[in-house]
Amino acid sequence: MAASLAHTWAFNRESIIWFVKGDLAQALALGALQTVMFWGLSLTLSLQAWAMGLLFPLLAIVSSGVSYFLSTFRIQVFGPNTVALAFETNPEEAAGFLGLEFLIRIGITFALALLVAFLNGKVWGNFSRLKRSGLIACCLVASAAPHLLTKLPMGLPFEALAHTASYLAERQRLHGILENRLDLSLLPAEAQDQEMLVVLILGESARPDHFQINGYPRSTTPKSLELGLVSFRDVTSCGTTTRTAVPCMLTRATLGEPGLALRETSLVSVFKAAGFSTAWISNQSFLGKANTVVSAIAKESHTVYFNHPQADNVLMSFTDQELLEPLEQVLEKSPPRALIVLHTVGSHWLYDHHYPDEFRMFQPVCTRRSPASCSLEEIRNAYDNSILFTDHFISQVIERVRHLRALVWYVSDHGESLGEEGRWGHGQAEEIPEQRKVPMLVWASPRYLEAHGKRWENLLARRDIAASHDNLFHSLIDCAGISSQVLDRNLSLCWEPSRE
């Protein structure tokens, strides 16, 4: 047990300290649980002398090495994307991280682990396998139940093994998706204009009834009102999670046939076929159950930029303002015809982590990790502040493209529950109304209106219809003046049915 306690403090103290910042009692519980888990592992290995002598030092080295990198590079969130960075770093770059301090640390860990393995045989030699199995069972029950209930980090080396397995599984999944889809960029497509910029802003967890432009009493979208954005007030999403909604909204997949998102590429490929330069700029993470299919779509673009490839939207504080600089860089290099997708963090929980202090207009706000521990007023205030900042972000994007022939389209992936019937967040079920309704805003520059006035008139005439993510793929292609055999103009918001 002493060795297990030493292991927890030596290699998991960063995560424990991180939890201290939020909840001391939870941090103490985390340390105790991680100690019990490692003690259970040690007891399990002790059942076979060879396993204790070989695997115990190996796992200790894994814990030591991962802990070194997490501490050295101040990585607050350890997950599959951290493993991806390690696997995908070239050997020359990786060698630069293996300094003397790292080697000394690994050497000391290995020596101490061998000593513990040797002493373990002396200590447990008089204990029968039955007694050790009983202790193992107790450790399993004592650690598994709290982890399952509260989703506390398992600690090292368990998380290193679990995240590596998750990364390898998601990488294989990504490879399969990329290999097996029909590539729409190989189909003929023609652009009407020599100059056209389309910016698609993918919102996150935004709900339309908290947008002032849709009648919400709070001033959450003053910029959108000032700039005259067109709002579609009755829009239904493809799903209640990013992993289902984003692939559906960007492909020919529909509410009735979502599987098409895995069988063919997205509108990015159609724009490429029409001669557009394409870019994907993201504030979301690269791999993971919620992101892998989305990343496959991102990789269709000529330029792919992940601002936070290992982002954790709950624990990390960052804002979509960080996307503006890479947007400017892409705009400087883009040819006259371009599609730029901005995948935002938007209003993802923890809301207060995703807008600057100057946008904390509505107070008090929820700053605790569990929404159930905050009042409804604190939740609403923090959420509305995130919508206010989204409005500001949209206006900043428009400011950078207003002199071009440009179309800016904002739509959220899904909505969000804010305490309705005890629900929080999203993704619990597909039929929850506040998670299925999303905002959709459109802005066109003066030069776009001059060239495509009729399309804009058609869009304005349909602003009050019941729309869905099904319309997005076809609307963006048609509104940009692209002709393609995959375009269904009946689903385009810029098409007038009588023109057929």
# chains A, B, ... in the order shown; residues from 1 in each chain; ligands from 1
>>> closest_atom_pairs(of="stretch 180-254 of chain A", to="stretch 403-421 of chain A", cutoff="6 Å", atoms="only C-alpha atoms", output="tab-separated table")
residue	atom	partner	partner_atom	distance
A:Met196	CA	A:Arg405	CA	5.5
A:Leu197	CA	A:Ala406	CA	4.6
A:Val198	CA	A:Leu407	CA	4.9
A:Val199	CA	A:Val408	CA	4.8
A:Leu200	CA	A:Trp409	CA	4.9
A:Ile201	CA	A:Tyr410	CA	4.7
A:Leu202	CA	A:Val411	CA	5.5
A:Gly203	CA	A:Ser412	CA	3.8
A:Glu204	CA	A:Ser412	CA	5.3
A:Ser205	CA	A:Gly415	CA	4.7
A:Ala206	CA	A:Gly415	CA	5.1
A:Arg207	CA	A:Gly415	CA	4.6
A:Ser237	CA	A:His414	CA	5.8
A:Thr240	CA	A:His414	CA	5.2
A:Ala245	CA	A:Asp413	CA	5.5
A:Val246	CA	A:Asp413	CA	5.8
>>> select_by_dssp(residues="stretch 189-436 of chain A", states="helix (DSSP H, G or I)", output="PyMOL selection string")
chain A and resi 208-210+212-214+222-227+242-250+258-262+267-273+292-298+320-333+351-353+357-359+371-373+376-401+420-422+433-436
>>> write_last_selection(atoms="C-alpha atoms", output="mmCIF file, in the first residue's frame")
data_model
loop_
_atom_site.group_PDB
_atom_site.id
_atom_site.type_symbol
_atom_site.label_atom_id
_atom_site.label_comp_id
_atom_site.auth_asym_id
_atom_site.auth_seq_id
_atom_site.Cartn_x
_atom_site.Cartn_y
_atom_site.Cartn_z
ATOM 1 C CA PRO A 208 -32.358 29.717 -30.879
ATOM 2 C CA ASP A 209 -34.640 30.782 -28.036
ATOM 3 C CA HIS A 210 -31.670 32.494 -26.333
ATOM 4 C CA GLN A 212 -32.253 38.223 -29.095
ATOM 5 C CA ILE A 213 -32.716 38.283 -32.874
ATOM 6 C CA ASN A 214 -35.332 35.547 -32.396
ATOM 7 C CA PRO A 222 -26.952 43.105 -30.649
ATOM 8 C CA LYS A 223 -24.360 42.830 -33.427
ATOM 9 C CA SER A 224 -26.482 40.448 -35.499
ATOM 10 C CA LEU A 225 -29.388 42.863 -35.293
ATOM 11 C CA GLU A 226 -27.185 45.822 -36.180
ATOM 12 C CA LEU A 227 -25.644 44.037 -39.175
ATOM 13 C CA THR A 242 -21.534 16.782 -32.544
ATOM 14 C CA ARG A 243 -20.592 13.350 -33.866
ATOM 15 C CA THR A 244 -24.040 12.852 -35.410
ATOM 16 C CA ALA A 245 -25.100 16.394 -36.296
ATOM 17 C CA VAL A 246 -22.007 17.860 -37.980
ATOM 18 C CA PRO A 247 -21.399 15.004 -40.460
ATOM 19 C CA CYS A 248 -25.105 15.019 -41.293
ATOM 20 C CA MET A 249 -25.340 18.773 -41.846
ATOM 21 C CA LEU A 250 -22.269 18.879 -44.112
ATOM 22 C CA PRO A 258 -28.053 9.776 -41.501
ATOM 23 C CA GLY A 259 -25.812 6.888 -42.604
ATOM 24 C CA LEU A 260 -25.048 8.650 -45.880
ATOM 25 C CA ALA A 261 -22.596 10.831 -43.912
ATOM 26 C CA LEU A 262 -20.283 7.804 -43.672
ATOM 27 C CA LEU A 267 -19.828 19.761 -49.344
ATOM 28 C CA VAL A 268 -16.122 20.595 -48.924
ATOM 29 C CA SER A 269 -15.400 18.151 -51.750
ATOM 30 C CA VAL A 270 -18.110 19.684 -53.937
ATOM 31 C CA PHE A 271 -16.570 23.144 -53.503
ATOM 32 C CA LYS A 272 -13.158 21.668 -54.371
ATOM 33 C CA ALA A 273 -14.593 20.149 -57.549
ATOM 34 C CA THR A 292 -13.335 11.428 -35.563
ATOM 35 C CA VAL A 293 -15.958 11.570 -38.317
ATOM 36 C CA VAL A 294 -15.830 15.374 -38.235
ATOM 37 C CA SER A 295 -12.046 15.230 -38.607
ATOM 38 C CA ALA A 296 -12.459 13.015 -41.658
ATOM 39 C CA ILE A 297 -14.521 15.809 -43.217
ATOM 40 C CA ALA A 298 -11.958 18.411 -42.137
ATOM 41 C CA ASP A 320 -13.288 31.420 -30.442
ATOM 42 C CA GLN A 321 -11.460 34.736 -30.670
ATOM 43 C CA GLU A 322 -8.384 32.549 -31.192
ATOM 44 C CA LEU A 323 -9.736 31.504 -34.601
ATOM 45 C CA LEU A 324 -9.574 35.011 -36.033
ATOM 46 C CA GLU A 325 -5.819 35.102 -36.596
ATOM 47 C CA PRO A 326 -5.708 31.837 -38.582
ATOM 48 C CA LEU A 327 -8.782 33.075 -40.473
ATOM 49 C CA GLU A 328 -6.892 36.219 -41.458
ATOM 50 C CA GLN A 329 -3.912 34.142 -42.578
ATOM 51 C CA VAL A 330 -6.127 31.967 -44.769
ATOM 52 C CA LEU A 331 -7.870 35.020 -46.238
ATOM 53 C CA GLU A 332 -4.515 36.531 -47.188
ATOM 54 C CA LYS A 333 -3.538 33.424 -49.145
ATOM 55 C CA TYR A 351 -19.861 28.022 -20.526
ATOM 56 C CA ASP A 352 -17.833 30.429 -18.392
ATOM 57 C CA HIS A 353 -14.603 29.034 -19.873
ATOM 58 C CA ASP A 357 -14.158 38.487 -18.907
ATOM 59 C CA GLU A 358 -15.495 41.586 -20.636
ATOM 60 C CA PHE A 359 -18.436 39.545 -21.931
ATOM 61 C CA PRO A 371 -24.320 22.302 -13.488
ATOM 62 C CA ALA A 372 -26.494 20.676 -10.851
ATOM 63 C CA SER A 373 -24.427 22.491 -8.192
ATOM 64 C CA LEU A 376 -30.723 28.102 -12.702
ATOM 65 C CA GLU A 377 -29.961 31.830 -12.739
ATOM 66 C CA GLU A 378 -26.194 31.197 -12.720
ATOM 67 C CA ILE A 379 -26.530 28.654 -15.527
ATOM 68 C CA ARG A 380 -28.680 30.953 -17.628
ATOM 69 C CA ASN A 381 -26.356 33.920 -17.101
ATOM 70 C CA ALA A 382 -23.223 32.001 -18.075
ATOM 71 C CA TYR A 383 -24.963 30.502 -21.098
ATOM 72 C CA ASP A 384 -26.294 33.872 -22.277
ATOM 73 C CA ASN A 385 -22.821 35.370 -21.934
ATOM 74 C CA SER A 386 -21.549 32.669 -24.285
ATOM 75 C CA ILE A 387 -24.274 33.542 -26.815
ATOM 76 C CA LEU A 388 -23.355 37.215 -26.530
ATOM 77 C CA PHE A 389 -19.756 36.354 -27.330
ATOM 78 C CA THR A 390 -20.830 34.161 -30.255
ATOM 79 C CA ASP A 391 -22.676 37.195 -31.620
ATOM 80 C CA HIS A 392 -19.489 39.239 -31.259
ATOM 81 C CA PHE A 393 -17.430 36.527 -32.959
ATOM 82 C CA ILE A 394 -19.789 36.402 -35.937
ATOM 83 C CA SER A 395 -19.525 40.172 -36.290
ATOM 84 C CA GLN A 396 -15.716 39.937 -36.230
ATOM 85 C CA VAL A 397 -15.779 37.378 -39.033
ATOM 86 C CA ILE A 398 -18.087 39.616 -41.076
ATOM 87 C CA GLU A 399 -15.811 42.591 -40.495
ATOM 88 C CA ARG A 400 -12.952 40.684 -42.134
ATOM 89 C CA VAL A 401 -14.893 39.721 -45.279
ATOM 90 C CA GLU A 420 -35.430 21.412 -18.206
ATOM 91 C CA GLU A 421 -36.870 18.470 -16.256
ATOM 92 C CA GLY A 422 -33.469 18.044 -14.617
ATOM 93 C CA PRO A 433 -36.827 19.498 -28.142
ATOM 94 C CA GLU A 434 -34.419 22.077 -26.693
ATOM 95 C CA GLN A 435 -31.494 19.935 -27.901
ATOM 96 C CA ARG A 436 -32.879 19.525 -31.432
#
>>> atom_distance(atom1="atom CA of A:Asp470", atom2="atom CA of A:Ser445")
24.6 Å
>>> atom_distance(atom1="atom CA of A:Thr220", atom2="atom CA of A:Ala444")
21.1 Å
>>> atom_distance(atom1="atom CA of A:Ser285", atom2="atom CA of A:Asn307")
8.3 Å
>>> residues_around(residues="A:Phe110", least_positions_apart="2", cutoff="8 Å", atoms="only C-alpha atoms", output="JSON, numbers by chain")
{"A": [57, 58, 60, 61, 106, 107, 108, 112, 113, 114]}
>>> write_last_selection(atoms="C-alpha atoms", output="mmCIF file, in the first residue's frame")
data_model
loop_
_atom_site.group_PDB
_atom_site.id
_atom_site.type_symbol
_atom_site.label_atom_id
_atom_site.label_comp_id
_atom_site.auth_asym_id
_atom_site.auth_seq_id
_atom_site.Cartn_x
_atom_site.Cartn_y
_atom_site.Cartn_z
ATOM 1 C CA PRO A 57 8.537 -2.057 -13.617
ATOM 2 C CA LEU A 58 7.238 -1.572 -17.155
ATOM 3 C CA ALA A 60 5.916 2.182 -13.479
ATOM 4 C CA ILE A 61 8.083 3.465 -16.344
ATOM 5 C CA ILE A 106 13.143 6.828 -15.795
ATOM 6 C CA GLY A 107 16.272 5.186 -14.377
ATOM 7 C CA ILE A 108 15.312 5.921 -10.773
ATOM 8 C CA LEU A 112 12.710 1.500 -7.361
ATOM 9 C CA ALA A 113 10.138 -0.605 -9.231
ATOM 10 C CA LEU A 114 12.524 -3.582 -9.257
#
>>> select_by_dssp(residues="stretch 305-498 of chain A", states="strand (DSSP E)", output="PyMOL selection string")
chain A and resi 305-306+337-343+406-412+417-418+424-425+437-444+467-468+482-484
>>> write_last_selection(atoms="C-alpha atoms", output="tab-separated table (two decimals), in the first residue's frame")
chain	number	residue	atom	x	y	z
A	305	TYR	CA	-5.86	23.88	-38.80
A	306	PHE	CA	-6.78	22.64	-35.32
A	337	ARG	CA	-12.99	31.51	-54.84
A	338	ALA	CA	-12.82	30.00	-51.36
A	339	LEU	CA	-14.78	28.07	-48.76
A	340	ILE	CA	-13.72	28.49	-45.13
A	341	VAL	CA	-15.26	26.44	-42.31
A	342	LEU	CA	-14.85	27.73	-38.75
A	343	HIS	CA	-15.65	25.02	-36.19
A	406	ALA	CA	-18.99	36.98	-49.47
A	407	LEU	CA	-21.64	34.89	-47.80
A	408	VAL	CA	-21.40	34.12	-44.08
A	409	TRP	CA	-23.55	31.31	-42.73
A	410	TYR	CA	-23.86	30.44	-39.02
A	411	VAL	CA	-25.63	27.33	-37.77
A	412	SER	CA	-25.26	25.35	-34.57
A	417	SER	CA	-30.65	21.66	-22.06
A	418	LEU	CA	-30.42	24.21	-19.27
A	424	TRP	CA	-28.26	19.44	-18.60
A	425	GLY	CA	-26.08	19.65	-21.70
A	437	LYS	CA	-33.70	23.15	-32.25
A	438	VAL	CA	-30.77	25.27	-33.48
A	439	PRO	CA	-30.17	28.87	-34.59
A	440	MET	CA	-29.28	29.59	-38.22
A	441	LEU	CA	-28.15	33.08	-39.33
A	442	VAL	CA	-27.08	34.28	-42.77
A	443	TRP	CA	-25.31	37.45	-43.89
A	444	ALA	CA	-24.41	38.60	-47.40
A	467	ALA	CA	-36.02	24.16	-42.07
A	468	SER	CA	-33.44	21.63	-40.92
A	482	ILE	CA	-22.31	26.12	-57.99
A	483	SER	CA	-23.92	23.59	-60.31
A	484	SER	CA	-23.48	19.90	-59.50
